[in-house]
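To be precise, the following lines are input_6.tsv, and they hold TSV, C-alpha atoms.
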```tsv
chain	number	residue	atom	x	y	z
A	1	MET	CA	0.00	0.00	0.00
A	2	ARG	CA	2.95	2.30	0.59
A	3	ALA	CA	3.37	2.78	-3.17
A	4	LEU	CA	-0.26	3.83	-3.68
A	5	ILE	CA	-0.38	6.82	-1.36
A	6	GLY	CA	-0.91	10.03	-3.31
A	7	THR	CA	-1.46	8.39	-6.70
A	8	HIS	CA	-4.66	6.47	-5.92
A	9	ASP	CA	-7.97	7.36	-4.37
A	10	ILE	CA	-8.85	4.95	-1.58
A	11	LEU	CA	-12.23	3.35	-0.90
A	12	MET	CA	-13.03	1.35	2.23
A	13	VAL	CA	-16.45	-0.27	2.42
A	14	THR	CA	-17.55	-2.14	5.53
A	15	LEU	CA	-20.57	-4.33	4.88
A	16	ASP	CA	-21.74	-4.17	8.46
A	17	THR	CA	-22.62	-7.52	10.09
A	18	LEU	CA	-22.14	-9.56	6.89
A	19	ARG	CA	-21.37	-13.22	7.58
A	20	HIS	CA	-18.65	-14.93	5.57
A	21	ASP	CA	-20.65	-18.08	4.93
A	22	VAL	CA	-23.58	-16.12	3.48
A	23	ALA	CA	-21.35	-13.91	1.34
A	24	ALA	CA	-19.41	-16.92	0.01
A	25	GLU	CA	-22.56	-18.90	-0.74
A	26	LEU	CA	-24.17	-16.06	-2.68
A	27	ALA	CA	-21.02	-15.39	-4.70
A	28	ALA	CA	-20.65	-19.08	-5.57
A	29	THR	CA	-24.27	-19.48	-6.65
A	30	GLY	CA	-24.42	-16.35	-8.80
A	31	ARG	CA	-26.71	-14.37	-6.52
A	32	THR	CA	-24.26	-11.44	-6.18
A	33	PRO	CA	-22.84	-11.13	-9.70
A	34	ASN	CA	-21.64	-7.53	-9.36
A	35	LEU	CA	-19.56	-8.30	-6.31
A	36	ALA	CA	-18.26	-11.56	-7.79
A	37	ARG	CA	-17.09	-9.63	-10.84
A	38	VAL	CA	-14.58	-7.60	-8.82
A	39	LEU	CA	-13.57	-10.13	-6.15
A	40	PRO	CA	-10.14	-11.62	-6.85
A	41	GLY	CA	-10.87	-15.02	-8.36
A	42	GLY	CA	-14.59	-14.31	-8.01
A	43	ALA	CA	-14.57	-15.33	-4.35
A	44	TRP	CA	-14.34	-13.77	-0.92
A	45	GLU	CA	-11.29	-14.33	1.25
A	46	ARG	CA	-12.03	-15.89	4.64
A	47	ARG	CA	-10.67	-13.76	7.47
A	48	HIS	CA	-11.09	-13.20	11.20
A	49	SER	CA	-12.26	-9.86	12.56
A	50	PRO	CA	-10.35	-8.17	15.40
A	51	ALA	CA	-13.66	-7.57	17.21
A	52	SER	CA	-17.22	-8.83	17.50
A	53	PHE	CA	-19.12	-5.56	17.11
A	54	THR	CA	-18.99	-2.40	15.01
A	55	TYR	CA	-17.41	0.16	17.34
A	56	ALA	CA	-14.45	-1.96	18.40
A	57	ALA	CA	-13.85	-3.40	14.92
A	58	HIS	CA	-13.69	0.00	13.25
A	59	HIS	CA	-11.28	1.41	15.82
A	60	ALA	CA	-9.03	-1.53	15.00
A	61	PHE	CA	-9.47	-1.09	11.24
A	62	PHE	CA	-8.55	2.59	11.36
A	63	ALA	CA	-5.42	1.79	13.41
A	64	GLY	CA	-4.28	-0.75	10.81
A	65	PHE	CA	-5.72	-3.98	12.16
A	66	LEU	CA	-7.92	-5.17	9.31
A	67	PRO	CA	-9.41	-8.68	9.43
A	68	THR	CA	-6.59	-11.22	9.61
A	69	PRO	CA	-6.28	-14.04	7.03
A	70	ALA	CA	-7.71	-17.22	8.55
A	71	ASP	CA	-4.80	-19.40	7.37
A	72	PRO	CA	-1.85	-19.77	9.77
A	73	GLY	CA	1.32	-17.81	9.08
A	74	ASP	CA	2.82	-14.35	9.20
A	75	HIS	CA	0.51	-11.75	7.70
A	76	ASP	CA	1.95	-8.29	7.09
A	77	ARG	CA	-0.56	-5.49	7.38
A	78	LEU	CA	-1.50	-3.10	4.57
A	79	TYR	CA	-1.03	-0.04	6.76
A	80	ALA	CA	-0.22	0.55	10.40
A	81	ALA	CA	-0.16	3.29	12.96
A	82	ALA	CA	3.41	3.25	14.24
A	83	PHE	CA	4.09	1.81	17.67
A	84	PRO	CA	7.15	0.13	19.23
A	85	GLY	CA	7.42	-3.62	18.92
A	86	SER	CA	5.07	-4.17	15.98
A	87	VAL	CA	5.97	-7.41	14.21
A	88	THR	CA	3.28	-7.30	11.51
A	89	SER	CA	4.61	-4.37	9.47
A	90	GLY	CA	6.47	-5.57	6.37
A	91	PRO	CA	8.38	-3.91	3.52
A	92	HIS	CA	5.17	-2.91	1.73
A	93	THR	CA	3.22	-1.79	4.79
A	94	TRP	CA	2.47	1.92	4.90
A	95	VAL	CA	3.47	2.89	8.45
A	96	PHE	CA	2.28	6.32	9.55
A	97	ASP	CA	2.91	8.53	12.56
A	98	ALA	CA	-0.73	9.24	13.35
A	99	PRO	CA	-3.33	7.59	15.57
A	100	ASP	CA	-5.62	6.52	12.74
A	101	LEU	CA	-5.91	6.12	8.97
A	102	PRO	CA	-8.13	9.16	8.22
A	103	THR	CA	-5.74	11.47	10.08
A	104	ALA	CA	-2.72	9.96	8.34
A	105	LEU	CA	-4.27	10.30	4.89
A	106	ALA	CA	-5.31	13.89	5.60
A	107	LYS	CA	-1.64	14.65	6.31
A	108	GLU	CA	-0.88	13.28	2.84
A	109	GLY	CA	-3.34	15.69	1.23
A	110	TYR	CA	-6.39	13.43	1.03
A	111	HIS	CA	-9.92	14.66	1.53
A	112	THR	CA	-11.40	12.21	4.05
A	113	LEU	CA	-15.10	11.42	3.66
A	114	CYS	CA	-17.27	9.24	5.91
A	115	LEU	CA	-20.75	8.01	5.05
A	116	GLY	CA	-22.03	6.22	8.13
A	117	GLY	CA	-24.68	3.56	8.36
A	118	VAL	CA	-25.25	1.94	11.76
A	119	GLY	CA	-25.80	3.91	14.96
A	120	PHE	CA	-22.13	4.21	15.91
A	121	PHE	CA	-21.84	6.70	13.02
A	122	SER	CA	-25.07	8.58	13.71
A	123	ARG	CA	-23.48	11.66	15.33
A	124	SER	CA	-26.68	11.93	17.44
A	125	THR	CA	-24.81	11.12	20.69
A	126	ALA	CA	-21.32	11.72	22.04
A	127	LEU	CA	-20.46	8.08	21.30
A	128	GLY	CA	-21.90	8.35	17.81
A	129	GLN	CA	-19.55	11.24	17.03
A	130	VAL	CA	-16.29	9.44	17.80
A	131	LEU	CA	-15.75	7.47	14.58
A	132	PRO	CA	-17.14	10.07	12.12
A	133	GLY	CA	-15.16	12.70	14.02
A	134	LEU	CA	-11.96	11.24	12.57
A	135	PHE	CA	-12.93	12.53	9.10
A	136	ALA	CA	-12.87	15.98	7.53
A	137	GLU	CA	-16.37	15.41	6.14
A	138	ALA	CA	-18.91	13.02	7.63
A	139	HIS	CA	-22.57	12.39	6.93
A	140	TRP	CA	-25.34	10.40	8.54
A	141	GLU	CA	-29.09	10.57	8.04
A	142	HIS	CA	-31.93	8.30	9.15
A	143	THR	CA	-32.20	7.20	5.52
A	144	PHE	CA	-28.68	5.71	5.84
A	145	GLY	CA	-29.58	3.62	8.87
A	146	VAL	CA	-30.57	0.08	9.69
A	147	THR	CA	-34.33	0.61	9.36
A	148	ALA	CA	-34.22	2.27	5.92
A	149	PRO	CA	-34.89	-0.20	3.07
A	150	ASP	CA	-32.86	1.85	0.56
A	151	CYS	CA	-30.07	2.84	2.94
A	152	LEU	CA	-27.26	2.33	0.44
A	153	GLY	CA	-29.11	4.18	-2.30
A	154	ALA	CA	-29.45	7.20	0.00
A	155	GLN	CA	-25.76	7.04	0.87
A	156	LEU	CA	-24.81	6.96	-2.80
A	157	ASP	CA	-26.91	10.05	-3.47
A	158	ARG	CA	-24.91	11.84	-0.77
A	159	LEU	CA	-21.63	10.43	-2.09
A	160	GLU	CA	-22.33	11.78	-5.56
A	161	THR	CA	-22.86	15.27	-4.16
A	162	SER	CA	-19.81	15.14	-1.89
A	163	LEU	CA	-17.39	13.87	-4.54
A	164	ALA	CA	-18.51	16.56	-6.96
A	165	ALA	CA	-17.37	19.21	-4.46
A	166	VAL	CA	-13.82	17.86	-4.06
A	167	PRO	CA	-11.21	19.60	-6.25
A	168	ALA	CA	-10.23	17.42	-9.18
A	169	GLY	CA	-6.56	17.28	-8.23
A	170	GLN	CA	-7.09	16.23	-4.62
A	171	PRO	CA	-7.05	12.52	-3.74
A	172	VAL	CA	-10.00	11.20	-1.72
A	173	PHE	CA	-10.37	8.59	0.99
A	174	THR	CA	-13.99	7.46	0.98
A	175	PHE	CA	-15.24	5.34	3.86
A	176	LEU	CA	-18.70	3.78	3.55
A	177	ASN	CA	-20.42	1.76	6.28
A	178	VAL	CA	-23.37	-0.15	4.80
A	179	ALA	CA	-26.16	-0.96	7.27
A	180	ALA	CA	-28.42	-3.20	5.17
A	181	MET	CA	-27.28	-6.59	6.54
A	182	HIS	CA	-27.62	-5.49	10.16
A	183	GLN	CA	-30.87	-6.34	11.86
A	184	PRO	CA	-33.64	-5.54	11.12
A	185	ASN	CA	-33.21	-7.00	7.63
A	186	ARG	CA	-36.49	-8.93	7.37
A	187	HIS	CA	-37.97	-6.42	4.93
A	188	TYR	CA	-35.55	-7.51	2.19
A	189	ALA	CA	-37.17	-10.95	2.14
A	190	GLY	CA	-40.72	-9.99	3.12
A	191	LEU	CA	-40.50	-11.95	6.38
A	192	ASP	CA	-41.85	-11.31	9.86
A	193	GLU	CA	-38.48	-11.88	11.55
A	194	ASP	CA	-34.80	-11.63	10.74
A	195	THR	CA	-33.26	-14.84	9.42
A	196	ARG	CA	-30.19	-16.03	7.58
A	197	GLU	CA	-32.32	-15.82	4.43
A	198	SER	CA	-33.26	-12.17	4.95
A	199	HIS	CA	-29.59	-11.46	5.71
A	200	ALA	CA	-28.77	-12.94	2.29
A	201	ALA	CA	-31.53	-10.94	0.63
A	202	ALA	CA	-30.04	-7.76	2.10
A	203	LEU	CA	-26.72	-8.58	0.46
A	204	GLU	CA	-28.50	-9.09	-2.87
A	205	TYR	CA	-29.94	-5.58	-2.47
A	206	VAL	CA	-26.44	-4.21	-1.87
A	207	ASP	CA	-25.06	-6.09	-4.86
A	208	GLY	CA	-27.57	-4.35	-7.11
A	209	LEU	CA	-26.10	-0.94	-6.17
A	210	ILE	CA	-22.41	-1.86	-6.27
A	211	PRO	CA	-21.99	-0.78	-9.94
A	212	ARG	CA	-23.22	2.73	-9.08
A	213	LEU	CA	-20.83	2.95	-6.14
A	214	PHE	CA	-17.86	1.94	-8.26
A	215	ASP	CA	-18.85	4.26	-11.10
A	216	LEU	CA	-18.97	7.19	-8.68
A	217	VAL	CA	-15.54	6.64	-7.15
A	218	ARG	CA	-13.87	5.74	-10.47
A	219	GLY	CA	-15.17	8.86	-12.19
A	220	ARG	CA	-12.52	11.19	-10.75
A	221	GLY	CA	-9.78	10.06	-13.14
A	222	ARG	CA	-7.68	8.17	-10.57
A	223	PRO	CA	-7.36	4.45	-9.91
A	224	VAL	CA	-9.11	3.50	-6.69
A	225	PHE	CA	-7.53	1.09	-4.23
A	226	THR	CA	-10.48	-0.68	-2.62
A	227	ILE	CA	-10.92	-2.57	0.63
A	228	LEU	CA	-14.22	-4.41	0.92
A	229	CYS	CA	-15.00	-6.37	4.08
A	230	SER	CA	-17.31	-7.02	6.97
A	231	ASP	CA	-16.60	-5.85	10.51
A	232	HIS	CA	-18.20	-8.91	12.13
A	233	GLY	CA	-20.89	-11.49	11.46
A	234	THR	CA	-24.02	-12.31	13.42
A	235	ALA	CA	-25.82	-15.40	14.69
A	236	TYR	CA	-29.28	-16.61	13.73
A	237	GLY	CA	-29.75	-19.34	16.31
A	238	GLU	CA	-26.44	-21.17	15.94
A	239	ASP	CA	-25.71	-22.99	19.24
A	240	GLY	CA	-28.55	-21.00	20.77
A	241	HIS	CA	-27.00	-17.60	19.96
A	242	THR	CA	-28.70	-14.65	18.32
A	243	GLY	CA	-26.90	-11.46	17.35
A	244	HIS	CA	-23.25	-10.59	17.82
A	245	ARG	CA	-20.80	-9.25	20.44
A	246	ILE	CA	-20.11	-12.90	21.24
A	247	GLY	CA	-17.16	-15.21	20.51
A	248	HIS	CA	-18.80	-17.49	17.95
A	249	GLU	CA	-17.42	-18.67	14.61
A	250	VAL	CA	-20.21	-17.00	12.61
A	251	VAL	CA	-19.38	-13.69	14.30
A	252	TRP	CA	-15.59	-13.76	14.08
A	253	THR	CA	-15.35	-15.08	10.51
A	254	VAL	CA	-15.84	-12.36	7.90
A	255	PRO	CA	-15.49	-11.87	4.12
A	256	TYR	CA	-12.65	-9.72	2.83
A	257	ALA	CA	-11.37	-8.49	-0.53
A	258	GLN	CA	-8.90	-5.88	-1.80
A	259	PHE	CA	-8.40	-4.80	-5.38
A	260	THR	CA	-7.83	-1.74	-7.56
A	261	LEU	CA	-10.53	-0.18	-9.71
A	262	ALA	CA	-9.24	1.40	-12.89
A	263	ALA	CA	-10.04	5.07	-13.44
A	264	SER	CA	-12.86	5.78	-15.85
```
Can you give me the file's structure in the form of structure tokens?
Amino acid sequence: MRALIGTHDILMVTLDTLRHDVAAELAATGRTPNLARVLPGGAWERRHSPASFTYAAHHAFFAGFLPTPADPGDHDRLYAAAFPGSVTSGPHTWVFDAPDLPTALAKEGYHTLCLGGVGFFSRSTALGQVLPGLFAEAHWEHTFGVTAPDCLGAQLDRLETSLAAVPAGQPVFTFLNVAAMHQPNRHYAGLDEDTRESHAAALEYVDGLIPRLFDLVRGRGRPVFTILCSDHGTAYGEDGHTGHRIGHEVVWTVPYAQFTLAAS
């Protein structure tokens, strides 16, 4: 990643609460063709999240602790906030002297833009201001949130307006937290309760809007280095568990992908 700073726009999308098994199943069966088209090899990478809920996971992500590859071995990080004794920063890791990624990229001349989804980005409370407060520009509306059926569509409308206001020569770091998979998601499948099936239907909704997202960020004339992942999964009755913030396999195991979108 060190070689990309300054020459590429950067896009980080967290598909909040998305389970790896659901994402992998839908990609393999052709139910998310737009995502499969950009995933390396057409498949999600299986990784482990550093945390079991949104707030903790995103603090880790912004400090350089993205989901870790599930296979054993040494795994150098893409980027890292500098601290003594780190053994996971390799020759290609971008190490920065800042507490978080948005601050570090701002020092490099990036405009930092946050489009929140779940309540930890709502800015309606002191806690809800912490994560969006890391960015130069941050937006949240009720239409972006977990109860809004077209939450991603509303976020993309805002993204289009925000990107149009950024000077053409300035690189952009866009962070997008997508709330659709988080409960309640029953409305995507027309059900009376949230299930693994409505969780999958929510991802199909997101897949339908992925081309618009990529067209928006690619339209600035720069290649876009993209990180696409979940922050944690969630349980739908496995071993008696419902929800997340628990140490269960379906919560810790998340889908991950990184790739570069060519400029358009």
From the list A:Gly73, A:Leu101, A:Ala164, A:Gly117, which residue is nearest His142 of chain A when using only C-alpha atoms? A:Gly117
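Atom pair atom CA of Ala56 of chain A / atom CA of Glu197 of chain A has a distance of 26.6 Å (rounded to one decimal).
With atom CA of Cys151 of chain A on one side and atom CA of Ala104 of chain A on the other, the separation reads 28.8 Å.
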Show me a table, sorted first by chain and then by increasing residue number, of the residues of segment 62-84 of chain A having an atom at most 9 Å from segment 40-55 of chain A, each with its shortest atom pair and the distance in Å to one decimal, counting only C-alpha atoms and written as CSV.
```
residue,atom,partner,partner_atom,distance
A:Phe65,CA,A:Pro50,CA,7.0
A:Leu66,CA,A:Ser49,CA,7.2
A:Pro67,CA,A:Ser49,CA,4.4
A:Thr68,CA,A:His48,CA,5.2
A:Pro69,CA,A:Arg47,CA,4.4
A:Ala70,CA,A:Arg47,CA,4.7
A:Asp71,CA,A:Arg47,CA,8.1
```
Output of the above residues as a PDB file, in the frame of the given file, restricted to C-alpha atoms:
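As written to disk, again19.pdb reads:
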```pdb
ATOM      1  CA  PHE A  65      -5.720  -3.980  12.160  1.00  0.00           C
ATOM      2  CA  LEU A  66      -7.920  -5.170   9.310  1.00  0.00           C
ATOM      3  CA  PRO A  67      -9.410  -8.680   9.430  1.00  0.00           C
ATOM      4  CA  THR A  68      -6.590 -11.220   9.610  1.00  0.00           C
ATOM      5  CA  PRO A  69      -6.280 -14.040   7.030  1.00  0.00           C
ATOM      6  CA  ALA A  70      -7.710 -17.220   8.550  1.00  0.00           C
ATOM      7  CA  ASP A  71      -4.800 -19.400   7.370  1.00  0.00           C
TER       8      ASP A  71
END
```
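The smallest atom-to-atom distance between Ala148 of chain A and any of A:Pro184, A:Gly190, A:Gly237, A:Gly119, using all atoms listed in the file, is found for A:Pro184.
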Length of the atom CA of Gly247 of chain A to atom CA of Asp192 of chain A vector [Å]: 27.2 Å
Using only C-alpha atoms, collect all residues at a distance of at most 12 Å from (-25.8, -1.4, -7.8) as written in the file, then present them as a JSON list (two decimals) with C-alpha atoms, in the coordinates of the input.
```json
[["chain", "number", "residue", "atom", "x", "y", "z"],
["A", 32, "THR", "CA", -24.26, -11.44, -6.18],
["A", 33, "PRO", "CA", -22.84, -11.13, -9.70],
["A", 34, "ASN", "CA", -21.64, -7.53, -9.36],
["A", 35, "LEU", "CA", -19.56, -8.30, -6.31],
["A", 150, "ASP", "CA", -32.86, 1.85, 0.56],
["A", 152, "LEU", "CA", -27.26, 2.33, 0.44],
["A", 153, "GLY", "CA", -29.11, 4.18, -2.30],
["A", 156, "LEU", "CA", -24.81, 6.96, -2.80],
["A", 203, "LEU", "CA", -26.72, -8.58, 0.46],
["A", 204, "GLU", "CA", -28.50, -9.09, -2.87],
["A", 205, "TYR", "CA", -29.94, -5.58, -2.47],
["A", 206, "VAL", "CA", -26.44, -4.21, -1.87],
["A", 207, "ASP", "CA", -25.06, -6.09, -4.86],
["A", 208, "GLY", "CA", -27.57, -4.35, -7.11],
["A", 209, "LEU", "CA", -26.10, -0.94, -6.17],
["A", 210, "ILE", "CA", -22.41, -1.86, -6.27],
["A", 211, "PRO", "CA", -21.99, -0.78, -9.94],
["A", 212, "ARG", "CA", -23.22, 2.73, -9.08],
["A", 213, "LEU", "CA", -20.83, 2.95, -6.14],
["A", 214, "PHE", "CA", -17.86, 1.94, -8.26],
["A", 215, "ASP", "CA", -18.85, 4.26, -11.10],
["A", 216, "LEU", "CA", -18.97, 7.19, -8.68]]
```
Find the residues of segment 106-214 of chain A that sit at most 10 Å from segment 2-24 of chain A; for each, write down the nearest two atoms and how far apart they are in Å, to one decimal. Count only C-alpha atoms. Sort by chain, then by number going up, and give it as a Markdown table.
```
| residue | atom | partner | partner_atom | distance |
| --- | --- | --- | --- | --- |
| A:Glu108 | CA | A:Gly6 | CA | 7.0 |
| A:Gly109 | CA | A:Gly6 | CA | 7.7 |
| A:Tyr110 | CA | A:Gly6 | CA | 7.8 |
| A:His111 | CA | A:Asp9 | CA | 9.6 |
| A:Thr112 | CA | A:Ile10 | CA | 9.5 |
| A:Leu113 | CA | A:Leu11 | CA | 9.7 |
| A:Cys114 | CA | A:Met12 | CA | 9.7 |
| A:Leu115 | CA | A:Val13 | CA | 9.7 |
| A:Gly116 | CA | A:Thr14 | CA | 9.8 |
| A:Gly117 | CA | A:Asp16 | CA | 8.3 |
| A:Val118 | CA | A:Asp16 | CA | 7.8 |
| A:Val146 | CA | A:Asp16 | CA | 9.9 |
| A:Gln170 | CA | A:Gly6 | CA | 8.9 |
| A:Pro171 | CA | A:Asp9 | CA | 5.3 |
| A:Val172 | CA | A:Asp9 | CA | 5.1 |
| A:Phe173 | CA | A:Ile10 | CA | 4.7 |
| A:Thr174 | CA | A:Leu11 | CA | 4.9 |
| A:Phe175 | CA | A:Met12 | CA | 4.8 |
| A:Leu176 | CA | A:Val13 | CA | 4.8 |
| A:Asn177 | CA | A:Thr14 | CA | 4.9 |
| A:Val178 | CA | A:Leu15 | CA | 5.0 |
| A:Ala179 | CA | A:Asp16 | CA | 5.6 |
| A:Ala180 | CA | A:Asp16 | CA | 7.5 |
| A:Met181 | CA | A:Thr17 | CA | 5.9 |
| A:His182 | CA | A:Thr17 | CA | 5.4 |
| A:Gln183 | CA | A:Thr17 | CA | 8.5 |
| A:Arg196 | CA | A:Val22 | CA | 7.8 |
| A:Glu197 | CA | A:Val22 | CA | 8.8 |
| A:His199 | CA | A:Leu18 | CA | 7.8 |
| A:Ala200 | CA | A:Val22 | CA | 6.2 |
| A:Ala201 | CA | A:Val22 | CA | 9.9 |
| A:Ala202 | CA | A:Leu18 | CA | 9.4 |
| A:Leu203 | CA | A:Ala23 | CA | 7.6 |
| A:Glu204 | CA | A:Ala23 | CA | 9.6 |
| A:Val206 | CA | A:Leu15 | CA | 8.9 |
| A:Phe214 | CA | A:Leu11 | CA | 9.4 |
```
Counting only C-alpha atoms, find the residues whose atoms lie at most 9 Å from (4.6, -4.7, 2.6) (file coordinates) and write them out as a PyMOL selection string. chain A and resi 1-2+76-79+89-94
Spatial neighbours of Ala63 of chain A, 6 Å, all atoms listed in the file, chain gap at least 2 places, as a ChimeraX atom specification: /A:60-61,65,81,100
Return the padded bounding box of segment 1-12 of chain A as AutoDock Vina command-line options: axis-aligned, built from all atoms listed in the file, 6 Å added on each side, with centre and edge lengths in Å to one decimal.
```
--center_x -4.8 --center_y 5.0 --center_z -2.2 --size_x 28.4 --size_y 22.0 --size_z 20.9
```
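In this comparison, which uses only C-alpha atoms, the residue of A:Thr161, A:Ser86, A:Ser264, A:Gln155 approaching Gly219 of chain A most closely is A:Ser264.
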